[in-house]
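The structure under discussion appears below in the form of structure tokens.
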Amino acid sequence: MTRLLRTLALLTATGFASPALAQDTIVLGVSAPLSGAAASWGIGTDWASQQAAKHINDAGGIKVGGKTYKVEVRSVDNKYTAGDGMKTAETLISRDKVKIFTQSVGTAPVKAIQALTERENILLFTSAWGRSVKGPSFPLTFTIINTPDEVLAPIYATVKQRHPEVKNVLMLNPNDASGQDTAKDATKFWTEAGIKVLDSLYFERSTTEFQPIATKIVSQKPDIVDLGGTPPANAGTVLKELEVQGWKGVKVIGAGTGSDVLVRTGGTAANGTYMGLAADFDGPTATEVQRKLNAGAKEVLKESLNVIHMGGYDGVMAAKAGIEAANSLDPQKIAEALPKAVFDISYGKAAFGSKDVYGTPQQLLIPIVVTQIQDGKTVEVVRIVPDELKKRLGQ
Amino acid sequence: MDLAAQLLVNTLQIGSVYVLFALGLTLIFGVMKIVNFAHGEFFSLAALVVAVLMPVLAPALGLPLWVDFLIALAAAIGAVLVLGTLTYWIGFERYLRDLVGSFILSVGLILFLQGVFVEIFTATPRPVEPIVTGTISIFGGRITAQRLLIVALAITFTAMLYLVLQRTKLGKALRAVAEDREAAMLQGIRYRSISFYGWLIGVSMAGLAGALIAPLTVSQPAIGGDYLIKAFIIIIIGGLGSIPGAIFGGLLVALIESIFGYYYDLTIATIIMFVLVMVFLLVRPQGLMGHVER
Amino acid sequence: MAGGTLLEASGISRSFGGLKAVSNLSFAVRENEILGLIGPNGAGKSTTFNLISGYYRPHAGKLTFAGRDITGFKPSKVGRLGLVRTFQHHSLLADLSVYENILTGAYMFVRDAAEREQRIRETAGLVGLTSHMDELAKNLPHGHQRLLSIAIAFASRPKLLCLDEPLTGLNGAEINHALDVIRRIRDDFGTTILLVDHNIRAVMRTCGRIVVLNFGEKLAEGSPEDVSRNPEVIRAYLGGGTA
Amino acid sequence: MSNAKWADVIGWALLAVLLVLALTSGDTYTLKVVLWISLNILAAAALRFVMLTGELNIATAAFWGVGAYVAAILTAWYKLPFFLSLLIGGLAPMLLSVLFGYVTLRTKGPYFMLISFAFTEVLRLIYTQTESIGGNSGMIGIYPPRWLDPYYSAIVVAIVAALLAVFFWLERGAFGKLLKAIQNNDAVTESVGIDVLKMKVICLAVASFAAGVGGALFAHANRVISPGDFSFLVAVYALAYVKIGGETQFSGAIIGAVLLTLLNQYVIAFGHYEHLFFGGAIVVAMLVLPNGLMGLFERVAIAFGGTRENAAPAARGGH
């Protein structure tokens with residue numbers, strides 16, 4: 001409850017209706033689910049974003065045109081829906097004069113917010129998956145985590161190489177924009193890898209009983225089950241049910257993020273699972289910043305950070321880099337300056353790129369990591385630093 | 001794997017928890033004539049308490065896991081009773097037999113309690129280690145020993161509730177009040193205290209369901225919502241206030257979920273249930289098992 | 001003087017869970033008469049009322065009203081045809097004013113606003129509630145409430161007004177007033193009346209003819225004098241409890 | 001002037017203030033808040049209108065959603081004129097509500113409440129399964145015509161005020177009294193020739209037209225819609241406005257919507273505490289203001305020498 005009291009104190013201090021701000025503060029927006037079934041994504045993202053703001057302020061703030069600004073992150077609950085995403089984003093934009101959203105989670109709300117931000121000249125950083133949110137028609141949108149185009153080809157290739165006998169795959173995804181986009185991309189990449197897609201199933205995010213789905217999967221006898229964008233807690237439950245019902249095959253979670261929750265829910269059934277987004281922020285390849293953040297999150301949130309949470313931190317850092325590179329607070333100028341900049345984020349030095357894939361350089365270049373659960377531990381199987389990033393860093 | 005057997009096994013294990021949850025809801029309706037939309041929050045609370053205690057108890061006590069589970073279950077019911085007493089005294093007592101007032105109160109409670117639960121338990125999904133391991137085959141349908149244990153417990157609790165209602169003085173009073181409040185009051189039954197006990201038993205059933213589901217799934221503060229919608233369908237089909245109706249409805253809903261979830265998908269299954277409810281209401285507005293009114 | 005048949009029930013039956021509440025009952029209400037329907041508790045009077053006013057559907061038999069087969073008609077349709085009833089319990093719109101209560105009765109039958117206003121005044125005047133127009137029905141004294149329930153029904157100016165125990169709970173003076181109102185409705189407006197009440201003496205005093213029910217069947221029918229001398233009726237009342 | 005009339009004056013005055021703000025304010029945030037308040041007023045009034053018959057119609061949310069989707073499809077896909085799609089956005093749910101009502105309004109109280117809840121959720125699930133309207137992610141790019149953009153809030157306030165005037169006129173007239181009669185005692189009402197089912201269906205149809213127009217206005221204000229926007233919570237919030245404003249008075253819906261929308265704007269800043277505070281506010285209001293703010297107002301008025309009204313009965317659901 002201490003956080004609650006602190007927030008209350010803060011609100012009382014800053015006034016009632018619209019928290020007034022000191023002149024030299026930049027307000028950054030975060031739009032993420034803070035309630036409901038996906039709340040843990042939003043709450044972790046909010047926390048990581050606040051940490052980034054603290055780091056920046058502790059280090060003296062952001063300098064623009066000779067003036068120093070403090071930053072403040074305001075997170076709003078998009079409830080994972082387009083409508084609430086839109087409404088809360090409008091409040092941040094029109095009331096709090098937010099010019100940059102440093103992280104936005106959930107494809108449906110992000111698509112909604114994007115319609116607004118692109119029109120009103122506002123910068124949007126997002127972890128939304130789909131190709132449909134990127135490209136030349138969205139010059140002010142930047143993606144700050146790896147997405148199917150980066151991750152899927154390497155992970156599927158790894159699976160194919162280690163299990164040459166597999167012929168077909170069955171996919172399960174949450175029934176929403178994120179899941180549908182994932183399924184679409186996954187179908188493409190599996191087919192390119194020479195694997196037949198038997199079926200592509202969906203489930204509602206609020207589902208708690210996965211037995212009927214598991215029965216359905218098992219009856220089709222797939223060689224591989226790809227849980228795509230299924231959140232780790234649900235994925236673990238599905239894997240456990242699959243094991244109970246006697247299925248033994250190759251387990252893949254293309255867009256799998258948190259591995260400790262997966263292990264806790266799946267138990268031994270999670271062993272052997274390949275994941276595309278499950279960076280281990282405690283492991284030997286994690287940076288110092290990531291390890292510290294992760295330790296902090298475990299203490300405060302009782303949860304390890306995942307890639308989407310980390311996107312909250314990286315979004316704020318990228319925003320700072322963009323502002324300083326442009327030496328301006330104008331989103332247009334920042335968007336022009338960002339692709340040229342090389343800057344510090346939680347992964348170390350990073351930059352935006354991938355123009356050859358998307359048509360515009362708006363994809364954050366960070367290491368692509370394929371991990372596998374082995375005896376309950378997350379083990380890196382493949383680690384690819386994008387060639388483009390190497391080039392930009394002069395390696 | 002024999003498909004029919006597997007689907008039936010699925011039905012039984014899904015249904016047993018639905019039945020418990022819906023029993024509480026229908027009992028509260030019968031006695032208080034309100035629909036407790038906050039029922040899911042009691043479910044969530046119990047699930048969260050079990051999910052939080054299990055990993056703590058095991059190393060601290062060094063007892064067999066099933067003993068830990070029983071302790072956690074008792075603690076969960078304790079928490080539910082405390083919350084139930086508070087919400088009754090502060091709120092529901094004033095909204096007995098007021099459908100609209102209690103509805104809005106319970107919806108306010110949903111929002112409020114979810115906020116509080118996120119604050120206390122965090123939004124992180126919490127799994128629980130298996131209490132017993134192993135898989136058992138029933139006529140070719142496979143079920144974990146864990147789930148079998150849960151099903152057995154759910155059936156036991158349902159039977160206990162049934163016995164309490166049929167045999168005890170309190171149970172008879174509860175049924176009398178549900179049947180005809182005024183007649184019951186004429187016989188000297190104190191409605192207010194009876195409705196309080198009815199409420200506590202009702203929310204405890206939700207709590208039991210939540211505590212039992214905790215080892216089978218991952219618990220987080222929003223977990224009750226999915227069960228709530230299913231439970232509404234169950235009690236409409238079974239007839240509001242009808243105990244046998246809730247049992248029948250719970251198993252029917254689980255069967256539909258199991259079969260249609262297999263052949264189509266779970267959302268289609270839910271839509272089918274809703275359509276079924278519409279048809280039921282058309283044919284028999286008082287539900288399948290409801291009393292025929294003169 | 002009584003004329004032709006307004007309502008005819010022929011062989012109507014209705015049972016509940018095997019219990020026959022009304023069985024093979026036939027009787028007729030003649031135009032412009034006041035017909036009394038009496039019988040011991042549980043004789044089937046209320047069921048009969050609910051059957052003829054469409055609240056229950058007969059399992060057998062036929063109902064004819066003003067030359068029309070109304071068997072199985074909804075209550076609202078029966079009401080629109082001119083057969084309107086009052087209720088024993090919950091006979092009012094408790095949270096509405098007297099004015100609004102009577103307005104509800106007139107609503108379907110008078111479309112013109114001024115005419116409707118006139119109808120409401122006239123009806124209130126007839127039962128003596130003119131000075132209570134803005135009071136809520138639930139705040140009225142019991143005697144006024146009984147009169148108001150008659151006023152609601154009569155505001156529709158029905159052909160047949162069926163009164164279900166309008167005298168229950170009234171004192172002597174109130175009973176006389178209510179009976180006076182009932183007689184005036186028949187005399188001044190030519191309305192036919194079917195009256196059910198426990199107050200046998202009052203029914204005898206007011207009605208031209210009486211039908212006696214027992215155990216869902218017709219026991220006797222005739223003038224008050226005939227009926228009161230009928231040994232079966234006497235036995236039913238002495239054996240069956242309250243009169 | 002009696003308390004009830006004072007209450008009406010307050011309600012209409014609030015609407016007038018909203019209209020003036022919408023016409024004169026240049027601040028986009030103020031305009032947005034005025035817009036949201038107006039839409040919430042409409043939802044609350046539509047819900048309350050059916051409450052006059054005693055039924056709690058959670059399907060208000062469903063018809064709100066149908067209006068939104070229909071109007072969105074018409075303007076975004078078929079490029080129909082905005083006002084025409086608005087009209088059809090009202091008529092489509094109205095027609096649907098007649099079918100729905102004819103089937104379900106034979107039940108009452110908790111059964112009708114639960115079935116209207118089920119209907120709302122089933123429609124929402126159907127949207128999620130319909131890929132052509134974007135499934136779970138919904139539709140984007142639903143714009144009002146460009147020339148209307150600066151006046152959009154004012155147009156919304158005006159339309160809402162017009163629909164409220166219709167509700168007000170109907171409620172004050174014989175029809176409204178009839179609805180209250182049905183709520184009070186449907187058996188007596190039926191005995192005098194009134195087809196209760198038909199009246200309830202008409203009442204529902206009127207309310208659903210307004211809800212549909214509300215949904216259509218919402219879709220064009222938000223420019224995006226998704227199934228999650230039309231869950232039963234829409235009706236829950238509407239009911240909260242009605243209850244906290246005070247259900248006995250027509251103005252209760254207005255006052256409740258104004259206050260709670262403003263409160264919600266405030267609690268948005270609480271991040272993930274939003275739920276906690278909004279839910280807490282509803283609970284506290286239910287505990288300290290059993291008759292809502294209008295009830296409080298009446299008590300204060302009586303304390304200062306006003307007269308107790310033989311006011312219209314409470315619009316209540318259930319038995």
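Residues are named by chain letter and number: chains run A, B, ... in the order of the structure tokens, numbers start at 1 in each chain, and ligands are numbered from 1 in the order shown.
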* Contact residues (chain D, partner chain B, 8 Å, only C-alpha atoms) as a PyMOL selection string -> chain D and resi 56+103-104+106-107+109-111+114-115+118-119+122+125-126+236+239-240+243+272-283+286-287+316-318
* How would you write, as a PyMOL selection string, the set of residues in segment 214-301 of chain A that DSSP gives as alpha helix (DSSP H)? -> chain A and resi 214-219+232-244+259-266+288-300
* Asked: So how many Å separate atom CA of Ser137 of chain A and atom CA of Gln332 of chain A, to one decimal?
  ->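 Distance between the two atoms: 14.0 Å.
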Could you please select, counting only C-alpha atoms, the residues of chain D within 8 Å of chain A and state them as a CSV table (one decimal) with N, CA and C atoms, in the first residue's frame?
```
chain,number,residue,atom,x,y,z
D,28,THR,N,-9.2,21.9,-26.6
D,28,THR,CA,-9.6,20.6,-27.1
D,28,THR,C,-10.0,19.6,-26.0
D,29,TYR,N,-9.3,19.8,-24.9
D,29,TYR,CA,-9.6,18.9,-23.7
D,29,TYR,C,-11.0,19.1,-23.2
D,128,THR,N,-16.3,-10.3,-31.9
D,128,THR,CA,-14.9,-10.8,-31.9
D,128,THR,C,-14.6,-11.9,-32.9
D,135,GLY,N,-12.8,-8.2,-36.0
D,135,GLY,CA,-12.7,-9.1,-34.9
D,135,GLY,C,-12.4,-8.3,-33.6
D,136,ASN,N,-11.5,-8.9,-32.8
D,136,ASN,CA,-11.2,-8.3,-31.5
D,136,ASN,C,-10.5,-7.0,-31.6
D,137,SER,N,-9.8,-6.7,-32.8
D,137,SER,CA,-9.1,-5.4,-32.8
D,137,SER,C,-10.0,-4.3,-33.3
D,138,GLY,N,-11.2,-4.6,-33.8
D,138,GLY,CA,-12.1,-3.6,-34.1
D,138,GLY,C,-11.9,-2.8,-35.4
D,140,ILE,N,-11.1,0.9,-37.4
D,140,ILE,CA,-10.5,2.2,-37.2
D,140,ILE,C,-10.8,3.1,-38.3
D,141,GLY,N,-10.6,4.4,-38.2
D,141,GLY,CA,-10.8,5.4,-39.2
D,141,GLY,C,-12.3,5.7,-39.4
D,222,ASN,N,-14.8,8.7,-31.2
D,222,ASN,CA,-13.6,7.9,-30.8
D,222,ASN,C,-12.8,7.5,-32.1
D,223,ARG,N,-13.4,7.5,-33.2
D,223,ARG,CA,-12.8,7.2,-34.5
D,223,ARG,C,-12.4,5.7,-34.6
D,224,VAL,N,-12.3,5.0,-33.4
D,224,VAL,CA,-12.1,3.6,-33.5
D,224,VAL,C,-13.1,2.9,-32.6
D,225,ILE,N,-13.5,1.7,-32.9
D,225,ILE,CA,-14.3,0.9,-32.0
D,225,ILE,C,-13.8,-0.5,-32.0
D,226,SER,N,-14.0,-1.2,-30.9
D,226,SER,CA,-13.7,-2.6,-30.8
D,226,SER,C,-14.7,-3.3,-29.9
D,227,PRO,N,-14.8,-4.6,-30.0
D,227,PRO,CA,-15.8,-5.3,-29.2
D,227,PRO,C,-15.7,-5.0,-27.7
D,228,GLY,N,-14.5,-4.8,-27.2
D,228,GLY,CA,-14.3,-4.5,-25.8
D,228,GLY,C,-15.0,-3.2,-25.3
D,229,ASP,N,-15.3,-2.3,-26.3
D,229,ASP,CA,-15.9,-1.1,-25.9
D,229,ASP,C,-17.4,-1.3,-25.6
D,265,GLN,N,-12.3,11.4,-15.2
D,265,GLN,CA,-11.2,12.2,-15.7
D,265,GLN,C,-10.1,12.4,-14.7
D,266,TYR,N,-10.5,12.6,-13.5
D,266,TYR,CA,-9.5,12.8,-12.4
D,266,TYR,C,-8.8,11.5,-12.1
D,268,ILE,N,-8.2,8.9,-13.9
D,268,ILE,CA,-7.4,8.4,-15.0
D,268,ILE,C,-5.9,8.6,-14.6
D,269,ALA,N,-5.7,9.8,-14.0
D,269,ALA,CA,-4.3,10.1,-13.6
D,269,ALA,C,-3.7,9.2,-12.6
D,270,PHE,N,-4.6,8.3,-12.0
D,270,PHE,CA,-4.1,7.4,-10.9
D,270,PHE,C,-3.5,6.1,-11.5
D,271,GLY,N,-3.4,6.1,-12.9
D,271,GLY,CA,-2.8,4.9,-13.5
D,271,GLY,C,-3.6,3.7,-13.1
D,272,HIS,N,-2.9,2.7,-12.5
D,272,HIS,CA,-3.6,1.5,-12.3
D,272,HIS,C,-4.5,1.5,-11.0
D,273,TYR,N,-4.5,2.7,-10.4
D,273,TYR,CA,-5.5,2.8,-9.2
D,273,TYR,C,-6.8,3.3,-9.7
D,274,GLU,N,-7.0,3.5,-11.0
D,274,GLU,CA,-8.2,4.1,-11.6
D,274,GLU,C,-9.4,3.3,-11.1
D,275,HIS,N,-9.3,1.9,-11.3
D,275,HIS,CA,-10.4,1.0,-10.9
D,275,HIS,C,-10.8,1.2,-9.4
```
* Asked: With only C-alpha atoms as the basis for distance, which of A:Trp190, A:Trp47, A:Phe210, A:Phe142 is at the shortest distance from chain B?
  ->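 That would be A:Phe210, the residue with the smallest distance to chain B.
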* **Spatial neighbours of Ala124 of chain C, max dist 12 Å, only C-alpha atoms, sep filter under 4 positions, as a PyMOL selection string** => chain C and resi 98-103+105-106+117-120+128-134+144+147-155+181
* Skip Tyr162 of chain B itself and residues of its chain fewer than 5 positions away, then list as a PyMOL selection string all residues within 9 Å of it, counting only C-alpha atoms. => chain B and resi 157+167+171+243
How would the residues just picked look written out with N, CA, C and O atoms as an mmCIF file, in the first residue's frame?
```
data_model
loop_
_atom_site.group_PDB
_atom_site.id
_atom_site.type_symbol
_atom_site.label_atom_id
_atom_site.label_comp_id
_atom_site.auth_asym_id
_atom_site.auth_seq_id
_atom_site.Cartn_x
_atom_site.Cartn_y
_atom_site.Cartn_z
ATOM 1 N N PHE B 157 -17.788 -31.170 -1.335
ATOM 2 C CA PHE B 157 -18.336 -29.905 -0.835
ATOM 3 C C PHE B 157 -19.781 -29.711 -1.293
ATOM 4 O O PHE B 157 -20.615 -29.209 -0.536
ATOM 5 N N ARG B 167 -30.738 -31.176 5.932
ATOM 6 C CA ARG B 167 -30.849 -31.783 7.258
ATOM 7 C C ARG B 167 -30.812 -30.796 8.409
ATOM 8 O O ARG B 167 -31.428 -31.048 9.433
ATOM 9 N N GLY B 171 -30.290 -24.970 7.410
ATOM 10 C CA GLY B 171 -30.599 -25.274 6.018
ATOM 11 C C GLY B 171 -32.082 -25.180 5.733
ATOM 12 O O GLY B 171 -32.503 -24.631 4.710
ATOM 13 N N ILE B 243 -31.157 -25.243 -6.271
ATOM 14 C CA ILE B 243 -29.901 -25.956 -6.014
ATOM 15 C C ILE B 243 -29.703 -27.097 -7.023
ATOM 16 O O ILE B 243 -28.649 -27.179 -7.672
#
```
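Using only C-alpha atoms, one finds that the residues of chain D close to chain C, at 9 Å or less, are Ala174, Phe175, Lys177, Leu178, Lys180, Ala181, Ile182, Gln183, Asn184, Asn185, Asp186, Ala187, Val188, Thr189, Glu190, Ser191, Val192, Gly193, Ile194, Asp195, Val196, Asn310, Ala311, Ala312, Pro313 and Ala314 of chain D.
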* Which residue gives the smallest distance to chain A among B:Phe121, B:Tyr88, B:Phe42, B:Phe139, with only C-alpha atoms counted? ->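 Of the candidates, the smallest distance to chain A is held by B:Phe121.
Compared by their closest atoms to chain A, and using only C-alpha atoms, the residues B:Pro125, B:Gly78, B:Gly84, B:Gly40 rank with B:Pro125 nearest.
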Per residue of chain C within 10 Å of chain B, record the nearest atom pair and its distance in Å to one decimal, counting only C-alpha atoms, with rows in chain order and ascending residue number, as a tab-separated table.
```
residue	atom	partner	partner_atom	distance
C:Phe16	CA	B:Arg294	CA	7.5
C:Gly17	CA	B:Val292	CA	9.3
C:Tyr56	CA	B:Arg294	CA	9.4
```
Go ahead and save the picked residues with N, CA, C and O atoms, as a PDB file, in the first residue's frame.
```
ATOM      1  N   PHE C  16     -54.422 -27.353 -11.320  1.00  0.00           N
ATOM      2  CA  PHE C  16     -53.035 -27.022 -11.015  1.00  0.00           C
ATOM      3  C   PHE C  16     -52.376 -28.238 -10.411  1.00  0.00           C
ATOM      4  O   PHE C  16     -52.748 -28.666  -9.323  1.00  0.00           O
ATOM      5  N   GLY C  17     -51.428 -28.782 -11.127  1.00  0.00           N
ATOM      6  CA  GLY C  17     -50.692 -29.929 -10.605  1.00  0.00           C
ATOM      7  C   GLY C  17     -51.614 -31.034 -10.139  1.00  0.00           C
ATOM      8  O   GLY C  17     -51.444 -31.571  -9.052  1.00  0.00           O
ATOM      9  N   TYR C  56     -55.755 -16.747 -16.609  1.00  0.00           N
ATOM     10  CA  TYR C  56     -55.480 -18.177 -16.797  1.00  0.00           C
ATOM     11  C   TYR C  56     -56.164 -18.602 -18.082  1.00  0.00           C
ATOM     12  O   TYR C  56     -57.207 -18.080 -18.449  1.00  0.00           O
TER      13      TYR C  56
END
```
* Who sits within 8 Å of Pro222 of chain A, only C-alpha atoms, same chain under 4 positions skipped, as a PyMOL selection string -> chain A and resi 168-170+198+217-218+249
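In terms of minimum interatomic distance to chain A, B:Ala222 ranks closest within B:Ala222, B:Ala145, B:Leu200, B:Val253, counting only C-alpha atoms.
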